[in-house]
file protein.txt (compact mmCIF, C-alpha atoms and all ligand atoms)
# COMPACT_ATOMS: atom_id res chain seq x y z
CA MET A 18 20.18 141.69 25.31
CA GLU A 19 19.84 142.62 21.68
CA GLU A 20 21.58 145.81 20.66
CA PRO A 21 19.84 148.26 18.36
CA MET A 22 21.11 147.89 14.80
CA ASN A 23 20.94 150.27 11.91
CA GLY A 24 17.42 150.28 10.55
CA MET A 25 16.01 148.65 13.67
CA LYS A 26 13.82 150.36 16.20
CA PRO A 27 15.80 150.91 19.41
CA GLN A 28 14.41 149.11 22.42
CA ASP A 29 12.32 151.21 24.77
CA GLN A 30 12.23 150.76 28.54
CA SER A 31 9.26 148.39 28.42
CA ASP A 32 11.10 146.18 25.86
CA ILE A 33 14.13 146.01 28.15
CA ARG A 34 11.91 145.20 31.14
CA TYR A 35 10.11 142.52 29.13
CA ASN A 36 13.39 140.96 27.93
CA ASN A 37 14.79 140.87 31.47
CA THR A 38 11.58 139.34 32.78
CA LYS A 39 11.59 136.76 30.00
CA MET A 40 15.21 135.89 30.70
CA ILE A 41 14.37 135.29 34.38
CA LEU A 42 11.32 133.20 33.47
CA ASN A 43 13.37 131.10 31.04
CA ILE A 44 16.00 130.41 33.70
CA ILE A 45 13.33 129.44 36.24
CA LYS A 46 11.66 127.19 33.64
CA ALA A 47 14.90 125.47 32.68
CA ALA A 48 16.03 124.97 36.27
CA HIS A 49 12.76 123.35 37.46
CA GLY A 50 13.20 125.20 40.76
CA ILE A 51 15.90 127.71 41.62
CA ALA A 52 16.89 129.78 44.67
CA ARG A 53 16.87 133.58 44.34
CA SER A 54 20.61 133.70 45.12
CA ASP A 55 21.39 131.36 42.20
CA LEU A 56 19.07 133.31 39.95
CA ALA A 57 20.95 136.53 40.75
CA LYS A 58 24.29 134.86 39.92
CA LEU A 59 22.99 133.47 36.60
CA THR A 60 21.40 136.71 35.41
CA GLY A 61 24.15 139.02 36.60
CA MET A 62 21.41 141.50 37.50
CA SER A 63 21.46 143.66 40.61
CA ALA A 64 19.63 142.21 43.61
CA THR A 65 17.17 145.14 43.52
CA SER A 66 16.23 144.68 39.85
CA MET A 67 15.93 140.94 40.20
CA THR A 68 13.81 141.17 43.37
CA ARG A 69 11.48 143.68 41.69
CA ILE A 70 10.94 141.39 38.70
CA VAL A 71 10.54 138.22 40.79
CA ASN A 72 8.00 139.95 43.05
CA GLU A 73 6.00 141.02 40.03
CA LEU A 74 6.09 137.46 38.64
CA LEU A 75 4.83 136.19 42.02
CA GLU A 76 2.04 138.77 41.98
CA LEU A 77 1.11 137.74 38.45
CA ASN A 78 1.07 134.12 39.64
CA LEU A 79 3.47 133.17 36.83
CA VAL A 80 5.93 131.76 39.39
CA GLN A 81 5.47 130.33 42.87
CA GLU A 82 7.68 129.66 45.86
CA THR A 83 8.13 126.19 47.25
CA SER A 84 10.06 125.26 50.31
CA PHE A 85 12.04 122.10 50.79
CA SER A 86 14.37 120.69 53.42
CA SER A 87 17.97 121.26 52.45
CA GLY A 88 19.76 119.08 54.96
CA GLY A 89 20.27 119.84 58.62
CA ILE A 90 17.40 119.75 61.06
CA GLY A 91 14.79 122.36 60.34
CA ARG A 92 16.73 123.98 57.49
CA LYS A 93 14.43 125.06 54.71
CA SER A 94 15.26 126.51 51.31
CA ILE A 95 12.86 128.48 49.18
CA LEU A 96 12.86 127.78 45.48
CA LEU A 97 11.17 129.66 42.68
CA GLU A 98 9.35 127.58 40.10
CA ILE A 99 6.97 128.10 37.22
CA LYS A 100 3.25 127.99 38.01
CA LYS A 101 2.44 125.55 35.24
CA ASP A 102 -1.33 125.88 35.30
CA VAL A 103 -1.57 129.68 35.56
CA PHE A 104 -2.76 129.72 31.96
CA TYR A 105 -2.83 127.45 28.92
CA VAL A 106 -2.42 128.17 25.24
CA VAL A 107 -3.55 126.32 22.15
CA GLY A 108 -1.55 125.66 19.00
CA ILE A 109 -3.20 124.83 15.68
CA ASP A 110 -1.34 123.49 12.66
CA PHE A 111 -3.61 124.38 9.78
CA ALA A 112 -1.93 121.96 7.43
CA GLU A 113 -3.13 120.76 4.11
CA ARG A 114 -4.06 117.18 5.02
CA ASP A 115 -4.41 117.09 8.80
CA ILE A 116 -5.19 119.81 11.28
CA SER A 117 -3.37 119.33 14.59
CA VAL A 118 -4.53 121.00 17.79
CA CYS A 119 -2.45 120.96 20.97
CA VAL A 120 -2.89 122.39 24.46
CA MET A 121 0.23 123.64 26.23
CA ASP A 122 0.72 124.63 29.86
CA PHE A 123 2.85 127.57 30.98
CA SER A 124 5.93 125.35 31.44
CA GLY A 125 5.79 124.58 27.71
CA ALA A 126 4.62 120.98 28.18
CA VAL A 127 2.07 119.74 25.67
CA ILE A 128 -0.83 118.47 27.78
CA GLY A 129 -2.75 116.91 24.92
CA LYS A 130 -3.04 116.82 21.15
CA LYS A 131 -5.65 115.90 18.58
CA VAL A 132 -5.23 115.37 14.85
CA ILE A 133 -8.23 116.04 12.63
CA SER A 134 -8.14 114.60 9.14
CA ARG A 135 -9.07 117.21 6.56
CA THR A 136 -10.46 114.49 4.35
CA THR A 137 -13.11 113.92 7.04
CA ALA A 138 -13.85 117.63 6.96
CA SER A 139 -13.09 118.27 3.29
CA SER A 140 -16.66 119.21 2.36
CA LEU A 141 -16.82 121.86 5.09
CA LYS A 142 -16.59 125.57 4.39
CA ILE A 143 -13.87 127.38 6.30
CA GLU A 144 -16.35 128.67 8.95
CA GLU A 145 -17.68 125.13 9.48
CA MET A 146 -14.14 123.81 9.59
CA ILE A 147 -13.24 126.23 12.42
CA ARG A 148 -16.33 125.12 14.37
CA PHE A 149 -15.32 121.49 13.78
CA ILE A 150 -11.84 122.27 15.14
CA TYR A 151 -13.48 124.00 18.13
CA GLN A 152 -15.56 120.89 18.92
CA ASN A 153 -12.41 118.77 18.86
CA TYR A 154 -10.60 121.31 21.01
CA GLN A 155 -13.39 121.14 23.61
CA LYS A 156 -13.10 117.34 23.68
CA LEU A 157 -9.35 117.73 24.14
CA LEU A 158 -9.84 120.07 27.11
CA GLN A 159 -12.32 117.66 28.69
CA GLU A 160 -10.07 114.67 28.12
CA PHE A 161 -7.09 116.34 29.78
CA LYS A 162 -9.16 118.18 32.43
CA VAL A 163 -8.18 121.70 31.41
CA LYS A 164 -10.75 124.40 32.23
CA GLU A 165 -11.67 126.41 29.13
CA GLU A 166 -11.52 129.70 31.06
CA LEU A 167 -7.82 129.08 31.69
CA VAL A 168 -7.03 129.03 27.97
CA ALA A 169 -5.53 132.45 27.25
CA ALA A 170 -4.77 132.52 23.52
CA ILE A 171 -4.62 130.53 20.31
CA GLY A 172 -1.65 130.43 17.91
CA VAL A 173 -2.13 129.21 14.36
CA GLY A 174 0.45 128.10 11.82
CA ALA A 175 -0.90 128.14 8.26
CA ILE A 176 0.49 127.53 4.79
CA GLY A 177 0.99 130.51 2.52
CA SER A 178 1.59 134.22 2.67
CA ILE A 179 0.36 135.51 6.03
CA ASP A 180 -0.62 139.02 7.07
CA ARG A 181 0.00 138.76 10.81
CA GLU A 182 -1.45 142.15 11.68
CA LYS A 183 -4.76 141.54 9.93
CA GLY A 184 -4.69 137.81 10.70
CA LEU A 185 -5.21 136.87 7.06
CA VAL A 186 -3.89 134.14 4.86
CA ARG A 187 -3.25 136.53 1.95
CA TYR A 188 -2.86 133.80 -0.58
CA GLU A 189 -2.94 130.07 -0.19
CA GLU A 190 -1.20 128.65 -3.25
CA LEU A 191 -2.39 125.10 -2.93
CA THR A 192 -6.06 126.01 -3.12
CA HIS A 193 -5.59 129.39 -4.83
CA THR A 194 -7.63 131.09 -2.11
CA HIS A 195 -7.20 134.80 -1.26
CA ASN A 196 -7.59 136.64 2.05
CA ILE A 197 -8.86 133.96 4.41
CA PRO A 198 -9.63 135.80 7.70
CA ILE A 199 -8.35 133.01 9.98
CA LYS A 200 -7.78 135.24 13.04
CA GLU A 201 -11.27 136.73 12.93
CA LEU A 202 -12.91 133.34 12.37
CA ILE A 203 -11.02 131.67 15.21
CA GLU A 204 -11.61 134.55 17.62
CA SER A 205 -15.34 134.53 16.88
CA VAL A 206 -15.64 130.81 17.62
CA PHE A 207 -13.01 130.27 20.36
CA LYS A 208 -13.70 133.65 22.06
CA ARG A 209 -9.97 134.05 22.68
CA PRO A 210 -7.27 136.23 21.09
CA ALA A 211 -5.76 134.43 18.11
CA PHE A 212 -2.41 134.93 16.40
CA ILE A 213 -1.42 133.58 13.02
CA ASP A 214 1.88 133.08 11.27
CA ASN A 215 3.31 131.08 8.41
CA ASP A 216 3.62 127.38 9.30
CA ILE A 217 7.40 127.14 8.87
CA LYS A 218 7.93 130.34 10.89
CA CYS A 219 5.96 128.63 13.69
CA ALA A 220 7.99 125.43 13.27
CA ILE A 221 11.32 127.25 13.61
CA VAL A 222 10.12 128.84 16.87
CA ALA A 223 9.38 125.34 18.22
CA GLU A 224 12.66 123.87 16.99
CA ASN A 225 14.56 126.80 18.45
CA THR A 226 12.83 126.28 21.81
CA PHE A 227 12.77 122.49 22.13
CA GLY A 228 15.02 121.27 19.29
CA GLU A 229 18.42 119.65 19.32
CA VAL A 230 20.28 122.87 20.13
CA PRO A 231 17.75 125.26 21.69
CA ASN A 232 17.77 129.05 21.98
CA LEU A 233 20.01 129.85 19.08
CA ASP A 234 20.35 133.32 17.70
CA ASP A 235 21.13 132.07 14.23
CA VAL A 236 19.21 129.17 12.71
CA VAL A 237 17.54 128.31 9.41
CA MET A 238 14.87 125.68 8.92
CA LEU A 239 14.26 124.05 5.56
CA SER A 240 10.95 122.25 5.31
CA PHE A 241 10.34 119.67 2.64
CA GLY A 242 6.58 119.31 2.83
CA ARG A 243 4.31 119.29 -0.14
CA GLY A 244 6.83 121.74 -1.67
CA VAL A 245 9.84 123.47 -0.08
CA GLY A 246 9.87 126.38 2.32
CA SER A 247 12.20 127.86 4.88
CA ALA A 248 12.32 130.15 7.87
CA ILE A 249 15.22 132.17 9.20
CA ILE A 250 16.13 133.32 12.72
CA ASN A 251 18.89 135.91 12.78
CA ARG A 252 20.10 137.58 15.96
CA GLY A 253 17.26 135.87 17.79
CA ARG A 254 14.55 137.31 15.56
CA ILE A 255 12.57 135.80 12.71
CA VAL A 256 13.56 137.39 9.41
CA ARG A 257 10.29 138.38 7.77
CA GLY A 258 11.05 140.61 4.78
CA CYS A 259 8.70 143.45 3.94
CA THR A 260 5.58 141.27 3.58
CA ASN A 261 6.42 138.35 5.91
CA THR A 262 7.37 136.07 3.01
CA ALA A 263 11.15 135.96 3.50
CA GLY A 264 12.34 132.37 3.24
CA GLU A 265 10.29 131.28 0.22
CA ILE A 266 13.20 129.25 -1.09
CA GLY A 267 10.74 126.99 -2.92
CA HIS A 268 10.17 129.72 -5.46
CA THR A 269 13.83 130.31 -6.22
CA ILE A 270 14.30 129.30 -9.85
CA VAL A 271 16.64 126.39 -10.56
CA ASP A 272 15.74 125.85 -14.23
CA PHE A 273 15.05 129.03 -16.17
CA SER A 274 14.85 127.85 -19.76
CA ASP A 275 12.51 124.89 -19.75
CA GLY A 276 11.51 124.43 -16.15
CA ARG A 277 8.53 122.63 -14.74
CA LEU A 278 5.40 124.72 -14.13
CA CYS A 279 5.12 125.75 -10.49
CA ILE A 280 1.90 126.45 -8.53
CA CYS A 281 3.01 130.10 -8.40
CA GLY A 282 2.63 130.33 -12.18
CA ARG A 283 6.35 130.55 -12.98
CA ARG A 284 8.52 127.83 -14.42
CA GLY A 285 11.50 126.06 -12.93
CA CYS A 286 10.94 126.85 -9.24
CA LEU A 287 12.66 124.47 -6.81
CA SER A 288 9.28 123.54 -5.29
CA SER A 289 7.94 122.35 -8.62
CA TYR A 290 10.46 119.48 -8.56
CA LEU A 291 9.66 118.55 -4.96
CA MET A 292 5.87 119.00 -4.97
CA GLU A 293 4.34 115.76 -3.82
CA GLU A 294 1.86 115.52 -6.70
CA ASN A 295 4.58 116.29 -9.26
CA ILE A 296 6.81 113.56 -7.81
CA ILE A 297 3.87 111.13 -7.96
CA GLU A 298 3.10 112.24 -11.52
CA GLU A 299 6.70 111.47 -12.49
CA ALA A 300 6.48 108.05 -10.83
CA ARG A 301 3.22 107.26 -12.64
CA LYS A 302 5.03 107.54 -15.98
CA SER A 303 6.80 104.32 -14.96
CA ASN A 304 4.13 102.70 -12.78
CA SER A 305 0.54 103.91 -13.09
CA SER A 306 -0.52 102.33 -9.79
CA ILE A 307 1.63 104.71 -7.69
CA CYS A 308 -0.55 106.88 -5.43
CA SER A 309 1.82 108.19 -2.77
CA ILE A 310 5.43 108.92 -1.80
CA ALA A 311 5.20 105.81 0.40
CA ASP A 312 4.47 103.73 -2.74
CA ILE A 313 7.54 105.22 -4.43
CA MET A 314 9.72 104.48 -1.42
CA GLU A 315 8.44 100.90 -1.34
CA CYS A 316 9.48 100.47 -4.99
CA TYR A 317 12.82 102.10 -4.15
CA GLU A 318 13.37 99.56 -1.36
CA LYS A 319 12.60 96.80 -3.89
CA ASN A 320 15.28 98.22 -6.20
CA PHE A 321 13.03 99.20 -9.09
CA LEU A 322 15.30 101.16 -11.41
CA TRP A 323 12.77 103.92 -12.13
CA ALA A 324 12.28 104.43 -8.35
CA ILE A 325 16.05 104.56 -7.76
CA SER A 326 16.34 107.17 -10.51
CA LEU A 327 13.41 109.23 -9.16
CA VAL A 328 14.69 109.15 -5.57
CA ASP A 329 18.08 110.21 -6.92
CA ARG A 330 16.45 113.23 -8.60
CA ILE A 331 14.40 114.10 -5.49
CA THR A 332 17.50 114.07 -3.29
CA ASN A 333 19.41 116.11 -5.91
CA TYR A 334 16.84 118.90 -5.55
CA MET A 335 16.90 118.58 -1.77
CA THR A 336 20.68 118.95 -1.93
CA ILE A 337 20.28 122.07 -4.09
CA ALA A 338 18.00 123.54 -1.40
CA ILE A 339 20.48 122.73 1.38
CA ASN A 340 23.43 124.08 -0.61
CA ASN A 341 21.60 127.28 -1.58
CA ALA A 342 20.40 127.92 1.98
CA VAL A 343 23.88 127.38 3.43
CA ASN A 344 25.62 129.55 0.84
CA TYR A 345 23.05 132.31 0.79
CA LEU A 346 22.47 132.60 4.53
CA ASN A 347 25.56 131.06 6.14
CA PRO A 348 23.60 129.89 9.21
CA ARG A 349 25.28 128.34 12.22
CA ASN A 350 22.49 125.76 12.35
CA LEU A 351 20.27 124.30 9.68
CA VAL A 352 17.29 122.19 10.69
CA LEU A 353 15.72 119.96 8.05
CA GLY A 354 12.07 119.05 8.49
CA GLY A 355 8.76 118.63 6.69
CA LYS A 356 6.64 115.63 5.82
CA LEU A 357 8.92 114.29 3.08
CA ILE A 358 11.83 114.01 5.52
CA ASN A 359 9.82 113.18 8.64
CA ASP A 360 8.21 110.20 6.90
CA ASN A 361 11.34 109.14 4.98
CA PRO A 362 14.52 109.59 7.04
CA ILE A 363 16.42 107.81 4.24
CA LEU A 364 15.89 110.90 2.04
CA TYR A 365 17.46 113.06 4.74
CA ASP A 366 20.47 110.74 4.91
CA MET A 367 20.86 110.66 1.12
CA ALA A 368 20.57 114.42 0.66
CA LEU A 369 23.02 115.09 3.45
CA LYS A 370 25.48 112.57 2.03
CA LYS A 371 25.25 114.25 -1.39
CA TYR A 372 25.66 117.66 0.17
CA SER A 373 28.70 116.55 2.18
CA GLY A 374 30.19 115.00 -0.94
CA MET A 375 29.92 118.14 -3.05
CA ILE A 376 33.27 119.49 -4.14
CA SER A 377 33.68 122.79 -2.43
CA PHE A 378 36.37 125.38 -2.18
CA SER A 379 34.20 127.34 0.18
CA THR A 380 34.97 127.75 3.84
CA LEU A 381 31.27 128.27 4.57
CA HIS A 382 30.19 124.64 4.57
CA PRO A 383 31.87 123.17 7.66
CA THR A 384 30.55 125.97 9.87
CA THR A 385 26.91 124.98 9.44
CA HIS A 386 25.62 122.27 11.74
CA ILE A 387 22.83 120.35 10.02
CA SER A 388 20.29 118.28 11.95
CA PRO A 389 16.86 116.75 11.40
CA SER A 390 13.79 118.33 12.96
CA LYS A 391 13.39 117.02 16.51
CA LEU A 392 9.72 117.85 16.81
CA SER A 393 8.88 116.39 13.43
CA ARG A 394 5.17 116.65 12.60
CA ASP A 395 4.39 118.44 15.91
CA ALA A 396 6.70 121.39 15.18
CA VAL A 397 4.09 123.76 13.65
CA CYS A 398 1.44 123.04 16.29
CA ILE A 399 3.89 123.50 19.18
CA GLY A 400 5.30 126.63 17.51
CA GLY A 401 1.78 128.07 17.23
CA ALA A 402 1.23 127.46 20.95
CA LEU A 403 4.57 129.12 21.78
CA VAL A 404 3.63 132.18 19.70
CA ALA A 405 0.34 132.45 21.64
CA GLN A 406 2.17 131.99 24.95
CA GLU A 407 4.67 134.72 24.11
CA LYS A 408 1.89 137.14 23.08
CA HIS A 409 -0.09 136.53 26.27
CA MET A 410 3.01 136.77 28.46
CA LEU A 411 3.95 140.05 26.79
CA LYS A 412 0.50 141.43 27.60
CA MET A 413 0.74 140.27 31.24
CA ILE A 414 4.20 141.73 31.75
CA LYS A 415 3.53 145.01 29.94
CA MET A 416 0.12 145.55 31.55
CA PRO A 417 0.45 143.71 34.90
CA ASN A 418 -2.28 145.67 36.70
CA GLU A 419 -4.92 144.36 34.34
CA PHE A 420 -4.08 140.81 35.40
CA ILE A 421 -3.30 141.35 39.08
CA GLU A 422 -6.54 143.29 39.67
CA SER A 423 -8.62 140.78 37.73
CA ARG A 424 -7.98 138.00 40.24
ZN ZN A 501 7.06 128.93 -7.81
call {"tool": "encode", "arguments": {"input": "protein.txt", "output": "structure tokens", "more": "lines below"}}
Ligand SMILES: [Zn+2]
result
Amino acid sequence: MEEPMNGMKPQDQSDIRYNNTKMILNIIKAAHGIARSDLAKLTGMSATSMTRIVNELLELNLVQETSFSSGGIGRKSILLEIKKDVFYVVGIDFAERDISVCVMDFSGAVIGKKVISRTTASSLKIEEMIRFIYQNYQKLLQEFKVKEELVAAIGVGAIGSIDREKGLVRYEELTHTHNIPIKELIESVFKRPAFIDNDIKCAIVAENTFGEVPNLDDVVMLSFGRGVGSAIINRGRIVRGCTNTAGEIGHTIVDFSDGRLCICGRRGCLSSYLMEENIIEEARKSNSSICSIADIMECYEKNFLWAISLVDRITNYMTIAINNAVNYLNPRNLVLGGKLINDNPILYDMALKKYSGMISFSTLHPTTHISPSKLSRDAVCIGGALVAQEKHMLKMIKMPNEFIESR
């Protein structure tokens, strides 16, 4: 249970009840079937409190009881397990090139996923794009035999500065678009509550749930995508800053005097050296036929000197990002993800080797465990679905009568 800290709102009774309920649900989920007696031991809760919560979860249909023979003639044990199909949620990764849509059941399993190329839909206005996503989502539901009425909520991960309350992308740097009302547009087409957050903040939720070392209180994710971004979980909560843009490590300045122009309008930002188009532009100075990072990596594999030099520079800037994140935030765990790394594991290896080889008198470095993203390109989509699941679960647990009476 999280203790109130200075400057943080103390938890009220309904928060405590929700956290206890969530803890019980997580244990039941992880155990794939558990007896009430074992549940009581694991939670350390009183039998009365635990029974009250379990009964409410049974009433809400979030868990079910199954009996099985436990040895000895006629001996039956009752286990509690998650009711996987009680409701489904949808995650959408509103990425720059591809839009991924996934459907998740209540156990957290991804039932199905579709990837929509934005080049196919590039001529569409945002409203048409949402309808196009909806059509693909309906096909996905049909394909995996999920009834649309069982879909409870939609979670969206999008690039840029996000106003979660209003459901807006305040500013999308790549296309220089202001105030895109994603939540409103999705809700009007999907007819379901929608929740939106920054893509890397969604990804860290997914990595922290299903990644290499799940359920950590203290983790940072660095994402090397088209530029660089990060997300921070501290004491089990996402660090958001005052406008939900904490973690924009890509716009930390690494070259003040004569830096490269960044999409934010300043010079010398870290992202400007790792932006995909800038890397390609650099490569084209040596070989005008280069069109992609894959082309550069192919030339690197063939030992072209210019490609070796460029990859060296790319991994230098990646190492700067890792070093700055570790020193500034001192996380216990650092997850490295994003398209650049997901598609080119060699860059991960090189950056990590450089980072490990840096001369350091600091005692901070060895305490941070660094690992690659486990969910890779699915992290944002899965994170979006988890955000939606959490929001719907919160509503069910805080207002149970609405859901019990509706059945
Ligand atoms: Zn910038």
call {"tool": "residues_near_point", "arguments": {"input": "protein.txt", "point": "(18.2, 119.3, -1.4)", "cutoff": "12 Å", "atoms": "only C-alpha atoms", "output": "PyMOL selection string"}}
result
chain A and resi 239-241+244-246+266-267+271+287-288+290-291+328-343+353-354+357-358+364-373+375
call {"tool": "residues_near_ligand", "arguments": {"input": "protein.txt", "ligand": "ligand ZN 501 (chain A)", "cutoff": "8 Å", "atoms": "only C-alpha atoms and all ligand atoms", "output": "list in words"}}
result
Gly267, His268, Thr269, Ile270, Leu278, Cys279, Ile280, Cys281, Gly282, Arg283, Arg284, Gly285, Cys286, Leu287, Ser288 and Ser289 of chain A
call {"tool": "atom_distance", "arguments": {"input": "protein.txt", "atom1": "atom CA of Phe321 of chain A", "atom2": "atom CA of Ser309 of chain A"}}
result
15.7 Å
call {"tool": "atom_distance", "arguments": {"input": "protein.txt", "atom1": "atom CA of Arg53 of chain A", "atom2": "atom CA of Phe85 of chain A"}}
result
14.0 Å
call {"tool": "closest_residue", "arguments": {"input": "protein.txt", "among": "A:Asn196, A:Thr260, A:Thr60, A:Asn361", "to": "Ile310 of chain A", "atoms": "only C-alpha atoms"}}
result
A:Asn361
call {"tool": "closest_atom_pairs", "arguments": {"input": "protein.txt", "of": "segment 157-214 of chain A", "to": "segment 401-405 of chain A", "cutoff": "6 Å", "atoms": "only C-alpha atoms", "output": "CSV"}}
result
residue,atom,partner,partner_atom,distance
A:Ala170,CA,A:Ala405,CA,5.4
A:Ile171,CA,A:Ala405,CA,5.5
A:Gly172,CA,A:Gly401,CA,4.2
A:Val173,CA,A:Gly401,CA,5.0
A:Gly174,CA,A:Gly401,CA,5.6
call {"tool": "residues_around", "arguments": {"input": "protein.txt", "residues": "segment 125-138 of chain A", "least_positions_apart": "3", "cutoff": "9 Å", "atoms": "all atoms listed in the file", "output": "ChimeraX atom specification"}}
result
/A:46,101,112-122,141-142,145-146,149-150,153-154,157-158,160-161,163,399,402-403,406
call {"tool": "write_last_selection", "arguments": {"input": "protein.txt", "atoms": "C-alpha atoms", "output": "JSON list (two decimals), keeping the file's coordinate frame"}}
result
[["chain", "number", "residue", "atom", "x", "y", "z"],
["A", 46, "LYS", "CA", 11.66, 127.19, 33.64],
["A", 101, "LYS", "CA", 2.44, 125.55, 35.24],
["A", 112, "ALA", "CA", -1.93, 121.96, 7.43],
["A", 113, "GLU", "CA", -3.13, 120.76, 4.11],
["A", 114, "ARG", "CA", -4.06, 117.18, 5.02],
["A", 115, "ASP", "CA", -4.41, 117.09, 8.80],
["A", 116, "ILE", "CA", -5.19, 119.81, 11.28],
["A", 117, "SER", "CA", -3.37, 119.33, 14.59],
["A", 118, "VAL", "CA", -4.53, 121.00, 17.79],
["A", 119, "CYS", "CA", -2.45, 120.96, 20.97],
["A", 120, "VAL", "CA", -2.89, 122.39, 24.46],
["A", 121, "MET", "CA", 0.23, 123.64, 26.23],
["A", 122, "ASP", "CA", 0.72, 124.63, 29.86],
["A", 141, "LEU", "CA", -16.82, 121.86, 5.09],
["A", 142, "LYS", "CA", -16.59, 125.57, 4.39],
["A", 145, "GLU", "CA", -17.68, 125.13, 9.48],
["A", 146, "MET", "CA", -14.14, 123.81, 9.59],
["A", 149, "PHE", "CA", -15.32, 121.49, 13.78],
["A", 150, "ILE", "CA", -11.84, 122.27, 15.14],
["A", 153, "ASN", "CA", -12.41, 118.77, 18.86],
["A", 154, "TYR", "CA", -10.60, 121.31, 21.01],
["A", 157, "LEU", "CA", -9.35, 117.73, 24.14],
["A", 158, "LEU", "CA", -9.84, 120.07, 27.11],
["A", 160, "GLU", "CA", -10.07, 114.67, 28.12],
["A", 161, "PHE", "CA", -7.09, 116.34, 29.78],
["A", 163, "VAL", "CA", -8.18, 121.70, 31.41],
["A", 399, "ILE", "CA", 3.89, 123.50, 19.18],
["A", 402, "ALA", "CA", 1.23, 127.46, 20.95],
["A", 403, "LEU", "CA", 4.57, 129.12, 21.78],
["A", 406, "GLN", "CA", 2.17, 131.99, 24.95]]
call {"tool": "closest_residue", "arguments": {"input": "protein.txt", "among": "A:Leu75, A:Val103, A:Ile313, A:Ile109", "to": "Val168 of chain A", "atoms": "all atoms listed in the file"}}
result
A:Val103
call {"tool": "axis_aligned_box", "arguments": {"input": "protein.txt", "around": "segment 72-83 of chain A", "padding_each_side": "8 Å", "output": "lines of an AutoDock Vina configuration file"}}
result
center_x = 4.6
center_y = 133.6
center_z = 42.0
size_x = 23.1
size_y = 30.8
size_z = 26.4
call {"tool": "residues_near_point", "arguments": {"input": "protein.txt", "point": "(-3.1, 128.8, -1.3)", "cutoff": "10 Å", "atoms": "only C-alpha atoms", "output": "ChimeraX atom specification"}}
result
/A:113,175-178,186-197,280-281
call {"tool": "closest_residue", "arguments": {"input": "protein.txt", "among": "A:Cys398, A:Met62, A:Val106, A:Ala311", "to": "Val222 of chain A", "atoms": "all atoms listed in the file"}}
result
A:Cys398
call {"tool": "atom_distance", "arguments": {"input": "protein.txt", "atom1": "atom CA of Asn215 of chain A", "atom2": "atom CA of Ile363 of chain A"}}
result
27.0 Å
call {"tool": "decode", "arguments": {"input": "protein.txt", "residues": "segment 336-347 of chain A", "atoms": "N, CA and C atoms", "output": "JSON list (two decimals), in the first residue's frame"}}
result
[["chain", "number", "residue", "atom", "x", "y", "z"],
["A", 336, "THR", "N", 23.88, 6.31, -26.08],
["A", 336, "THR", "CA", 24.61, 6.15, -24.81],
["A", 336, "THR", "C", 24.44, 7.39, -23.94],
["A", 337, "ILE", "N", 24.43, 8.58, -24.57],
["A", 337, "ILE", "CA", 24.20, 9.82, -23.81],
["A", 337, "ILE", "C", 22.82, 9.74, -23.14],
["A", 338, "ALA", "N", 21.82, 9.28, -23.89],
["A", 338, "ALA", "CA", 20.46, 9.18, -23.33],
["A", 338, "ALA", "C", 20.43, 8.23, -22.14],
["A", 339, "ILE", "N", 21.08, 7.07, -22.30],
["A", 339, "ILE", "CA", 21.10, 6.07, -21.21],
["A", 339, "ILE", "C", 21.80, 6.66, -19.99],
["A", 340, "ASN", "N", 22.98, 7.24, -20.24],
["A", 340, "ASN", "CA", 23.77, 7.80, -19.14],
["A", 340, "ASN", "C", 23.00, 8.92, -18.41],
["A", 341, "ASN", "N", 22.36, 9.80, -19.19],
["A", 341, "ASN", "CA", 21.64, 10.91, -18.57],
["A", 341, "ASN", "C", 20.44, 10.41, -17.77],
["A", 342, "ALA", "N", 19.74, 9.43, -18.32],
["A", 342, "ALA", "CA", 18.56, 8.88, -17.61],
["A", 342, "ALA", "C", 18.99, 8.23, -16.31],
["A", 343, "VAL", "N", 20.06, 7.45, -16.37],
["A", 343, "VAL", "CA", 20.53, 6.74, -15.17],
["A", 343, "VAL", "C", 20.99, 7.74, -14.10],
["A", 344, "ASN", "N", 21.77, 8.74, -14.53],
["A", 344, "ASN", "CA", 22.31, 9.69, -13.55],
["A", 344, "ASN", "C", 21.26, 10.64, -13.02],
["A", 345, "TYR", "N", 20.33, 11.01, -13.86],
["A", 345, "TYR", "CA", 19.32, 11.98, -13.43],
["A", 345, "TYR", "C", 18.25, 11.32, -12.55],
["A", 346, "LEU", "N", 17.89, 10.08, -12.91],
["A", 346, "LEU", "CA", 16.74, 9.46, -12.22],
["A", 346, "LEU", "C", 17.11, 8.31, -11.30],
["A", 347, "ASN", "N", 18.30, 7.76, -11.46],
["A", 347, "ASN", "CA", 18.76, 6.65, -10.63],
["A", 347, "ASN", "C", 17.71, 5.53, -10.49]]
